[in-house]
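As stored in data.cif (mmCIF, C-alpha atoms and all ligand atoms):
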```cif
data_upload
loop_
_atom_site.label_atom_id
_atom_site.label_comp_id
_atom_site.auth_asym_id
_atom_site.auth_seq_id
_atom_site.Cartn_x
_atom_site.Cartn_y
_atom_site.Cartn_z
CA MET A 1 0.00 0.00 0.00
CA ASN A 2 1.25 3.48 -0.86
CA PRO A 3 2.18 5.69 2.05
CA LEU A 4 0.27 8.97 2.07
CA ASN A 5 2.25 11.89 3.34
CA HIS A 6 0.84 14.90 1.52
CA VAL A 7 -2.62 15.64 0.11
CA ALA A 8 -3.22 18.79 -1.96
CA ILE A 9 -6.74 19.94 -2.77
CA ILE A 10 -8.17 22.40 -5.29
CA MET A 11 -11.35 23.29 -3.43
CA ASP A 12 -13.54 24.16 -6.40
CA GLY A 13 -17.29 24.54 -6.79
CA ASN A 14 -18.30 26.88 -3.97
CA GLY A 15 -19.86 29.46 -6.28
CA ARG A 16 -21.96 26.92 -8.17
CA TRP A 17 -23.08 25.32 -4.91
CA GLY A 18 -24.16 28.71 -3.57
CA LEU A 19 -26.10 29.54 -6.72
CA ARG A 20 -27.75 26.14 -6.82
CA TYR A 21 -28.83 25.87 -3.19
CA LYS A 22 -28.87 29.42 -1.78
CA LYS A 23 -29.20 31.80 -4.76
CA ASN A 24 -25.83 33.47 -4.29
CA ARG A 25 -22.18 32.45 -4.72
CA ASN A 26 -20.94 33.78 -1.40
CA ASP A 27 -23.10 31.37 0.61
CA GLY A 28 -21.22 28.63 -1.17
CA HIS A 29 -17.91 30.01 0.11
CA LYS A 30 -19.32 30.07 3.62
CA GLU A 31 -20.53 26.49 3.35
CA GLY A 32 -17.18 25.48 1.88
CA LEU A 33 -15.52 26.36 5.17
CA ASN A 34 -17.44 23.55 6.88
CA THR A 35 -15.92 21.13 4.40
CA VAL A 36 -12.48 22.55 5.20
CA GLU A 37 -12.98 21.72 8.86
CA LYS A 38 -14.24 18.21 8.11
CA ILE A 39 -11.33 17.46 5.81
CA ILE A 40 -8.74 18.76 8.29
CA LYS A 41 -10.24 16.51 10.93
CA GLU A 42 -10.15 13.47 8.68
CA THR A 43 -6.60 14.27 7.57
CA LEU A 44 -5.47 14.26 11.20
CA LYS A 45 -7.31 11.03 11.82
CA ASN A 46 -5.50 9.38 8.91
CA LYS A 47 -2.13 10.59 10.21
CA ILE A 48 -1.34 12.44 6.99
CA LYS A 49 1.49 14.90 7.62
CA TYR A 50 0.80 17.62 5.05
CA LEU A 51 -2.43 19.08 3.71
CA THR A 52 -2.31 21.88 1.13
CA LEU A 53 -5.53 23.72 0.35
CA TYR A 54 -5.91 26.05 -2.63
CA ALA A 55 -7.97 28.90 -1.25
CA PHE A 56 -7.27 31.86 -3.58
CA SER A 57 -5.26 32.02 -6.79
CA THR A 58 -3.31 34.92 -8.28
CA GLU A 59 -5.98 34.87 -11.01
CA ASN A 60 -8.92 35.07 -8.58
CA TRP A 61 -8.37 38.87 -8.29
CA LYS A 62 -10.30 39.06 -11.58
CA ARG A 63 -13.51 38.31 -9.65
CA PRO A 64 -16.03 40.98 -8.59
CA LYS A 65 -14.96 43.09 -5.60
CA ASN A 66 -17.87 41.95 -3.46
CA GLU A 67 -16.88 38.29 -3.80
CA ILE A 68 -13.21 39.02 -3.10
CA ASN A 69 -14.09 41.03 0.00
CA PHE A 70 -16.42 38.31 1.20
CA LEU A 71 -13.74 35.66 0.77
CA PHE A 72 -11.10 37.61 2.63
CA ASN A 73 -13.53 38.45 5.44
CA LEU A 74 -14.32 34.77 5.80
CA LEU A 75 -10.66 33.98 5.96
CA GLU A 76 -9.92 36.68 8.53
CA ASN A 77 -12.72 35.41 10.76
CA PHE A 78 -11.61 31.83 10.30
CA LEU A 79 -8.05 32.64 11.35
CA ALA A 80 -9.16 34.82 14.26
CA GLU A 81 -11.61 32.23 15.57
CA LYS A 82 -9.88 28.96 14.82
CA ILE A 83 -6.20 29.50 15.38
CA ASP A 84 -6.29 28.42 19.01
CA GLU A 85 -8.15 25.27 18.05
CA LEU A 86 -5.65 24.49 15.29
CA ASN A 87 -2.85 25.10 17.74
CA LYS A 88 -4.38 22.78 20.32
CA LYS A 89 -4.67 20.09 17.67
CA ASN A 90 -0.93 20.40 17.07
CA ILE A 91 -1.37 21.80 13.55
CA LYS A 92 1.25 24.02 11.97
CA LEU A 93 -0.15 26.65 9.63
CA LYS A 94 1.78 27.93 6.67
CA ILE A 95 0.67 30.32 3.96
CA ILE A 96 2.04 29.72 0.50
CA GLY A 97 1.50 32.58 -1.91
CA ILE A 98 2.28 36.25 -2.22
CA LYS A 99 1.66 37.82 1.18
CA ASN A 100 0.54 41.29 0.21
CA PHE A 101 -2.81 41.45 1.95
CA SER A 102 -4.35 44.11 4.17
CA GLU A 103 -2.35 44.99 7.26
CA LYS A 104 -4.96 43.27 9.40
CA LEU A 105 -4.78 40.00 7.48
CA ASN A 106 -0.99 40.10 7.23
CA ASN A 107 -0.79 40.49 11.00
CA LEU A 108 -3.24 37.68 11.60
CA ILE A 109 -1.32 35.40 9.28
CA ASN A 110 2.04 36.20 10.81
CA LYS A 111 0.68 35.69 14.30
CA ALA A 112 -0.94 32.38 13.37
CA GLU A 113 2.19 31.09 11.64
CA LYS A 114 4.38 32.06 14.57
CA LYS A 115 2.05 30.62 17.16
CA THR A 116 1.83 27.24 15.41
CA SER A 117 5.38 27.04 14.05
CA LYS A 118 6.54 24.31 16.42
CA ASN A 119 3.52 22.04 15.91
CA LYS A 120 4.19 18.60 14.58
CA LYS A 121 1.08 16.57 13.89
CA LEU A 122 -0.06 18.14 10.63
CA GLN A 123 1.26 20.96 8.47
CA LEU A 124 -1.63 22.83 6.93
CA ASN A 125 -0.52 24.86 3.92
CA LEU A 126 -3.01 27.44 2.80
CA ALA A 127 -2.40 28.53 -0.79
CA LEU A 128 -3.51 32.11 -0.73
CA ASN A 129 -2.83 34.54 -3.54
CA TYR A 130 -0.86 31.61 -4.90
CA GLY A 131 0.15 31.10 -8.52
CA SER A 132 2.52 28.42 -9.67
CA LYS A 133 3.89 30.35 -12.65
CA PHE A 134 4.76 33.28 -10.40
CA GLU A 135 6.41 30.92 -7.94
CA ILE A 136 8.54 29.27 -10.62
CA LEU A 137 9.61 32.56 -12.21
CA ASN A 138 10.40 33.98 -8.79
CA SER A 139 12.62 31.02 -8.02
CA PHE A 140 14.63 31.61 -11.20
CA LYS A 141 14.95 35.30 -10.34
CA GLU A 142 16.31 34.36 -6.91
CA LEU A 143 18.81 31.95 -8.45
CA LYS A 144 20.07 34.75 -10.65
CA LYS A 145 20.12 37.36 -7.88
CA ASN A 146 22.07 35.06 -5.56
CA LYS A 147 24.36 33.90 -8.36
CA LYS A 148 23.40 30.26 -7.77
CA LYS A 149 23.89 27.47 -10.27
CA ILE A 150 20.68 26.29 -11.91
CA THR A 151 20.26 22.88 -10.31
CA GLU A 152 17.08 21.15 -9.21
CA LYS A 153 18.15 21.40 -5.57
CA ASN A 154 18.85 25.14 -5.73
CA PHE A 155 15.68 25.81 -7.72
CA ILE A 156 13.52 24.01 -5.16
CA SER A 157 15.15 25.92 -2.32
CA TYR A 158 13.51 29.14 -3.56
CA LEU A 159 10.03 27.74 -4.07
CA GLN A 160 7.34 28.60 -1.52
CA THR A 161 7.09 24.88 -0.86
CA LYS A 162 10.73 24.43 0.13
CA ASN A 163 10.92 21.90 2.99
CA ILE A 164 7.53 20.49 2.00
CA PRO A 165 7.55 17.12 0.24
CA ASP A 166 5.70 16.98 -3.08
CA PRO A 167 2.01 16.02 -2.89
CA ASP A 168 1.32 12.31 -3.23
CA LEU A 169 -2.30 12.95 -4.05
CA LEU A 170 -3.99 15.92 -5.71
CA ILE A 171 -7.76 16.20 -5.51
CA ARG A 172 -9.85 18.73 -7.43
CA THR A 173 -13.52 18.91 -6.59
CA GLY A 174 -16.14 20.68 -8.70
CA ASN A 175 -16.26 18.51 -11.81
CA THR A 176 -13.53 20.41 -13.70
CA LYS A 177 -10.42 18.78 -15.11
CA ARG A 178 -7.74 21.43 -14.98
CA LEU A 179 -4.95 22.58 -12.67
CA SER A 180 -5.60 26.35 -12.64
CA ASN A 181 -1.98 27.31 -11.93
CA PHE A 182 -1.60 25.12 -8.83
CA LEU A 183 1.72 23.50 -7.84
CA LEU A 184 2.72 22.77 -11.44
CA TRP A 185 6.27 21.78 -10.56
CA GLN A 186 5.40 19.89 -7.38
CA ILE A 187 2.75 17.59 -8.86
CA ALA A 188 5.03 16.06 -11.49
CA TYR A 189 4.39 12.59 -10.00
CA SER A 190 1.26 13.13 -7.90
CA GLU A 191 -1.74 10.91 -8.36
CA ILE A 192 -4.58 13.14 -9.57
CA TYR A 193 -8.21 12.65 -8.74
CA PHE A 194 -10.97 14.76 -10.27
CA GLU A 195 -14.06 14.68 -8.09
CA LYS A 196 -17.47 15.50 -9.53
CA LYS A 197 -18.96 16.87 -6.32
CA LEU A 198 -18.82 20.57 -5.55
CA TRP A 199 -16.57 21.43 -2.60
CA PRO A 200 -19.37 22.20 -0.09
CA SER A 201 -20.94 18.80 -0.86
CA PHE A 202 -17.66 16.91 -0.58
CA ASN A 203 -17.62 14.86 2.59
CA ARG A 204 -15.61 12.58 4.81
CA LYS A 205 -16.76 9.47 3.02
CA ASP A 206 -15.79 10.82 -0.42
CA TYR A 207 -12.38 11.75 0.94
CA ILE A 208 -11.78 8.35 2.49
CA GLU A 209 -12.80 6.63 -0.73
CA ILE A 210 -10.25 8.64 -2.71
CA ILE A 211 -7.55 7.93 -0.12
CA ASN A 212 -8.29 4.20 -0.23
CA ASN A 213 -8.17 4.17 -4.02
CA TYR A 214 -4.88 6.05 -3.95
CA LYS A 215 -3.37 3.51 -1.61
CA MET A 216 -3.93 0.71 -4.12
CA ILE A 217 -2.47 2.46 -7.19
CA LYS A 218 0.88 1.22 -8.47
CA ARG A 219 3.09 4.31 -8.48
CA LYS A 220 5.92 3.77 -10.93
CA PHE A 221 7.89 7.04 -11.17
CA GLY A 222 9.04 6.00 -14.60
CA ASN A 223 10.05 2.53 -13.53
CA ILE A 224 8.16 -0.60 -14.64
C1 LIG A 301 -13.54 27.75 -5.39
O1 LIG A 301 -14.87 27.84 -5.73
C2 LIG A 301 -13.14 28.72 -4.33
C3 LIG A 301 -12.33 29.85 -4.83
C4 LIG A 301 -11.84 29.98 -6.01
C5 LIG A 301 -12.09 30.89 -3.87
P1 LIG A 301 -15.35 28.76 -6.92
O2 LIG A 301 -15.72 30.07 -6.35
O3 LIG A 301 -14.37 28.79 -8.01
O4 LIG A 301 -16.66 27.99 -7.36
P2 LIG A 301 -17.18 27.80 -8.84
O5 LIG A 301 -16.11 27.04 -9.57
O6 LIG A 301 -17.40 29.14 -9.40
O7 LIG A 301 -18.42 27.00 -8.67
C1 LIG A 302 -9.02 27.33 -8.69
O1 LIG A 302 -10.37 27.48 -8.94
C2 LIG A 302 -8.60 28.19 -7.54
C3 LIG A 302 -9.10 27.78 -6.23
C4 LIG A 302 -9.82 26.73 -5.96
C5 LIG A 302 -8.71 28.65 -5.15
P1 LIG A 302 -10.92 28.50 -10.00
O2 LIG A 302 -12.39 28.41 -9.95
O3 LIG A 302 -10.32 29.85 -9.79
O4 LIG A 302 -10.35 27.92 -11.35
P2 LIG A 302 -10.83 28.18 -12.85
O5 LIG A 302 -10.92 29.67 -13.04
O6 LIG A 302 -12.14 27.52 -13.02
O7 LIG A 302 -9.78 27.54 -13.69
MG MG A 303 -14.16 27.62 -9.67
#
```
Write the structure described by the file as structure tokens, please.
Amino acid sequence: MNPLNHVAIIMDGNGRWGLRYKKNRNDGHKEGLNTVEKIIKETLKNKIKYLTLYAFSTENWKRPKNEINFLFNLLENFLAEKIDELNKKNIKLKIIGIKNFSEKLNNLINKAEKKTSKNKKLQLNLALNYGSKFEILNSFKELKKNKKKITEKNFISYLQTKNIPDPDLLIRTGNTKRLSNFLLWQIAYSEIYFEKKLWPSFNRKDYIEIINNYKMIKRKFGNI
């Protein structure tokens, strides 16, 4: 059976869920947070060491202001309310992405990261204002700036995900088969699972089923 060390998830489908069941997209984002909590819980239970959640992409700034504000408010409240709970559960929080948010959110993030930095049970990476192309280009710029040789090891050392092993399993909910600028380098050998359900409808059972399927796959990494 394959070991499972790192799960990455593109949490897609909130907007459609909101429109379908509540008449507006933002209610879908709110509901999506419940799924986040459920999945964190199940990840802990399964002793998985890393969980990376795609929460906001560098391209999501194209969305209407009201939706962006709603999303960031949700996130601020989540961090303010839940950080103690995450800390108690021995979860380390890390933001991957470009940290140029409001002063309030930047402070919250820094505080949360600092507070949980020594935790060991699960590392929760929140991809926020994250874009893989930006990350890759930035790494090359750093190599040049620091006059480093272009090697895989040096390149990786400037990625936002340095010190984080590559995902074993990538899940995208929301019935869409694309990567939307997420971890393009890191998922070179990840097993990819496209889930039909929208993120707010995704549940513990669906997650466990995907994990169990993953465990039975023969991962070959180019070998036979
Ligand atoms: C994913 O859900 C969450 C974010 C991008 C913040 P969407 O908001 O993309 O939901 P759909 O894909 O429009 O249904
Ligand atoms: C990807 O979903 C980003 C997140 C889940 C945060 P999108 O809804 O932004 O992706 P596209 O636009 O459908 O490719
Ligand atoms: Mg979407």
Could you report the residues within 7 Å of ligand MG 303 (chain A), using only C-alpha atoms and all ligand atoms, as a CSV table (one decimal) with C-alpha atoms, keeping the file's coordinate frame?
```csv
chain,number,residue,atom,x,y,z
A,12,ASP,CA,-13.5,24.2,-6.4
A,13,GLY,CA,-17.3,24.5,-6.8
A,15,GLY,CA,-19.9,29.5,-6.3
```
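CA of Glu103 (chain A) lies 14.4 Å from CA of Asn69 (chain A).
Here CA of Phe70 (chain A) stands at a distance of 19.5 Å from atom O7 of ligand LIG 302 (chain A).
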Box for region 46-51 of chain A - axis-aligned, 4 Å on each of the six sides, all listed atoms - centre and size in Å to one decimal, as lines of an AutoDock Vina configuration file.
```
center_x = -2.0
center_y = 14.2
center_z = 7.0
size_x = 15.0
size_y = 17.7
size_z = 14.5
```
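Across the structure, CA of Asp27 (chain A) and CA of Leu108 (chain A) are spaced 23.6 Å apart.
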| Closest of A:Thr58, A:Asn175, A:Asn14, A:Asn146 to ligand LIG 301 (chain A) - atom-to-atom distances counting only C-alpha atoms and all ligand atoms |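 Using only C-alpha atoms and all ligand atoms, the shortest distance to ligand LIG 301 (chain A) belongs to A:Asn14.
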Exercise. List every protein, DNA or RNA residue that has at least one atom no more than 10 Å from (1.5, 32.2, 15.4) in the file's coordinates, counting only C-alpha atoms, and write the result as a PyMOL selection string.
Key: chain A and resi 83-84+87+92-94+107-118
Exercise: region 123-134 of chain A partners within 7 Å, all atoms listed in the file, chain neighbours under 3 positions left out, as an MDAnalysis selection string: chainID A and resid 49:58 91:98 137:138 181:184
Write out the residues from the selection above, keeping C-alpha atoms, as a PDB file, in the frame of the given file.
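The resulting file, out_32.pdb, is reproduced below:
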```pdb
ATOM      1  CA  LYS A  49       1.490  14.900   7.620  1.00  0.00           C
ATOM      2  CA  TYR A  50       0.800  17.620   5.050  1.00  0.00           C
ATOM      3  CA  LEU A  51      -2.430  19.080   3.710  1.00  0.00           C
ATOM      4  CA  THR A  52      -2.310  21.880   1.130  1.00  0.00           C
ATOM      5  CA  LEU A  53      -5.530  23.720   0.350  1.00  0.00           C
ATOM      6  CA  TYR A  54      -5.910  26.050  -2.630  1.00  0.00           C
ATOM      7  CA  ALA A  55      -7.970  28.900  -1.250  1.00  0.00           C
ATOM      8  CA  PHE A  56      -7.270  31.860  -3.580  1.00  0.00           C
ATOM      9  CA  SER A  57      -5.260  32.020  -6.790  1.00  0.00           C
ATOM     10  CA  THR A  58      -3.310  34.920  -8.280  1.00  0.00           C
ATOM     11  CA  ILE A  91      -1.370  21.800  13.550  1.00  0.00           C
ATOM     12  CA  LYS A  92       1.250  24.020  11.970  1.00  0.00           C
ATOM     13  CA  LEU A  93      -0.150  26.650   9.630  1.00  0.00           C
ATOM     14  CA  LYS A  94       1.780  27.930   6.670  1.00  0.00           C
ATOM     15  CA  ILE A  95       0.670  30.320   3.960  1.00  0.00           C
ATOM     16  CA  ILE A  96       2.040  29.720   0.500  1.00  0.00           C
ATOM     17  CA  GLY A  97       1.500  32.580  -1.910  1.00  0.00           C
ATOM     18  CA  ILE A  98       2.280  36.250  -2.220  1.00  0.00           C
ATOM     19  CA  LEU A 137       9.610  32.560 -12.210  1.00  0.00           C
ATOM     20  CA  ASN A 138      10.400  33.980  -8.790  1.00  0.00           C
ATOM     21  CA  ASN A 181      -1.980  27.310 -11.930  1.00  0.00           C
ATOM     22  CA  PHE A 182      -1.600  25.120  -8.830  1.00  0.00           C
ATOM     23  CA  LEU A 183       1.720  23.500  -7.840  1.00  0.00           C
ATOM     24  CA  LEU A 184       2.720  22.770 -11.440  1.00  0.00           C
TER      25      LEU A 184
END
```
I'd like to know which of A:Leu19, A:Ile9, A:Ile224, A:Leu159 is closest to Ile39 (chain A), using only C-alpha atoms.
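Nearest to Ile39 (chain A): A:Ile9.
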Ranking A:Leu79, A:Leu105, A:Val7, A:Met1 by minimum distance to Gln186 (chain A) and counting all atoms listed in the file, which one comes first?
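Answer, going by the shortest atom-to-atom distance: A:Val7.
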* Selected residue of minimal separation from Ala80 (chain A) among A:Lys120, A:Lys62, A:Glu135, A:Lys104, counting only C-alpha atoms ->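 The answer is A:Lys104, which sits nearest to Ala80 (chain A).
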Using all atoms listed in the file, the residue out of A:Glu81, A:Asp166, A:Glu59, A:Glu209 with shortest distance to ligand LIG 302 (chain A) is A:Glu59
Counting all atoms listed in the file, select every polymer residue within 12 Å of (-9.3, 14.4, 10.2) as defined in the file's coordinates, and provide the selection as a list in words.
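The residues that fall inside the cut-off are Thr35, Val36, Glu37, Lys38, Ile39, Ile40, Lys41, Glu42, Thr43, Leu44, Lys45, Asn46, Lys47, Ile48, Lys49, Tyr50, Leu51, Leu86, Lys89, Ile91, Lys121, Leu122, Leu124, Asn203, Arg204, Lys205, Tyr207 and Ile208 of chain A.
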Restore all heavy atoms in region 134-145 of chain A and list the result as a compact mmCIF listing (two decimals), in the coordinates of the input.
```
# COMPACT_ATOMS: atom_id res chain seq x y z
N PHE A 134 4.05 32.24 -11.15
CA PHE A 134 4.76 33.28 -10.40
C PHE A 134 5.86 32.67 -9.54
O PHE A 134 6.98 33.14 -9.48
CB PHE A 134 3.78 34.08 -9.52
CG PHE A 134 4.46 35.10 -8.65
CD1 PHE A 134 4.63 36.42 -9.10
CD2 PHE A 134 4.98 34.76 -7.40
CE1 PHE A 134 5.30 37.35 -8.32
CE2 PHE A 134 5.64 35.69 -6.61
CZ PHE A 134 5.80 36.98 -7.07
N GLU A 135 5.48 31.58 -8.86
CA GLU A 135 6.41 30.92 -7.94
C GLU A 135 7.66 30.42 -8.67
O GLU A 135 8.78 30.60 -8.21
CB GLU A 135 5.68 29.74 -7.27
CG GLU A 135 6.52 29.00 -6.25
CD GLU A 135 5.87 27.69 -5.82
OE1 GLU A 135 5.18 27.05 -6.63
OE2 GLU A 135 6.08 27.30 -4.66
N ILE A 136 7.43 29.82 -9.84
CA ILE A 136 8.54 29.27 -10.62
C ILE A 136 9.45 30.39 -11.14
O ILE A 136 10.68 30.35 -11.01
CB ILE A 136 8.00 28.38 -11.76
CG1 ILE A 136 7.44 27.08 -11.17
CG2 ILE A 136 9.09 28.08 -12.79
CD1 ILE A 136 6.63 26.23 -12.15
N LEU A 137 8.82 31.43 -11.70
CA LEU A 137 9.61 32.56 -12.21
C LEU A 137 10.41 33.20 -11.09
O LEU A 137 11.58 33.55 -11.25
CB LEU A 137 8.67 33.62 -12.81
CG LEU A 137 8.34 33.47 -14.28
CD1 LEU A 137 7.44 34.60 -14.72
CD2 LEU A 137 9.62 33.45 -15.11
N ASN A 138 9.76 33.36 -9.94
CA ASN A 138 10.40 33.98 -8.79
C ASN A 138 11.63 33.18 -8.35
O ASN A 138 12.66 33.74 -8.00
CB ASN A 138 9.39 34.09 -7.65
CG ASN A 138 9.97 34.83 -6.48
OD1 ASN A 138 10.33 36.00 -6.62
ND2 ASN A 138 10.10 34.17 -5.35
N SER A 139 11.51 31.87 -8.41
CA SER A 139 12.62 31.02 -8.02
C SER A 139 13.82 31.24 -8.96
O SER A 139 14.96 31.35 -8.52
CB SER A 139 12.17 29.56 -8.03
OG SER A 139 13.20 28.74 -7.56
N PHE A 140 13.53 31.35 -10.26
CA PHE A 140 14.63 31.61 -11.20
C PHE A 140 15.25 32.99 -10.95
O PHE A 140 16.47 33.15 -11.03
CB PHE A 140 14.13 31.50 -12.65
CG PHE A 140 14.07 30.09 -13.14
CD1 PHE A 140 12.87 29.49 -13.49
CD2 PHE A 140 15.23 29.33 -13.23
CE1 PHE A 140 12.81 28.17 -13.91
CE2 PHE A 140 15.20 28.01 -13.65
CZ PHE A 140 13.99 27.44 -14.00
N LYS A 141 14.41 33.96 -10.62
CA LYS A 141 14.95 35.30 -10.34
C LYS A 141 15.88 35.26 -9.12
O LYS A 141 16.92 35.90 -9.11
CB LYS A 141 13.79 36.28 -10.06
CG LYS A 141 13.06 36.71 -11.32
CD LYS A 141 11.95 37.69 -10.97
CE LYS A 141 11.06 37.92 -12.17
NZ LYS A 141 9.75 38.47 -11.81
N GLU A 142 15.48 34.47 -8.12
CA GLU A 142 16.31 34.36 -6.91
C GLU A 142 17.63 33.66 -7.22
O GLU A 142 18.67 34.05 -6.69
CB GLU A 142 15.55 33.59 -5.81
CG GLU A 142 14.39 34.34 -5.19
CD GLU A 142 14.86 35.55 -4.36
OE1 GLU A 142 15.95 35.49 -3.77
OE2 GLU A 142 14.12 36.55 -4.34
N LEU A 143 17.57 32.65 -8.06
CA LEU A 143 18.81 31.95 -8.45
C LEU A 143 19.78 32.94 -9.08
O LEU A 143 20.97 32.97 -8.75
CB LEU A 143 18.49 30.84 -9.46
CG LEU A 143 17.82 29.57 -8.94
CD1 LEU A 143 17.42 28.67 -10.10
CD2 LEU A 143 18.75 28.80 -8.00
N LYS A 144 19.23 33.78 -9.94
CA LYS A 144 20.07 34.75 -10.65
C LYS A 144 20.62 35.78 -9.67
O LYS A 144 21.82 36.07 -9.66
CB LYS A 144 19.22 35.42 -11.73
CG LYS A 144 20.03 36.16 -12.75
CD LYS A 144 19.18 36.64 -13.89
CE LYS A 144 19.97 37.63 -14.72
NZ LYS A 144 19.09 38.39 -15.61
N LYS A 145 19.74 36.32 -8.85
CA LYS A 145 20.12 37.36 -7.88
C LYS A 145 21.23 36.86 -6.94
O LYS A 145 22.15 37.58 -6.63
CB LYS A 145 18.87 37.75 -7.07
CG LYS A 145 19.02 39.06 -6.32
CD LYS A 145 17.70 39.54 -5.76
CE LYS A 145 17.52 39.04 -4.35
NZ LYS A 145 16.13 39.23 -3.87
```
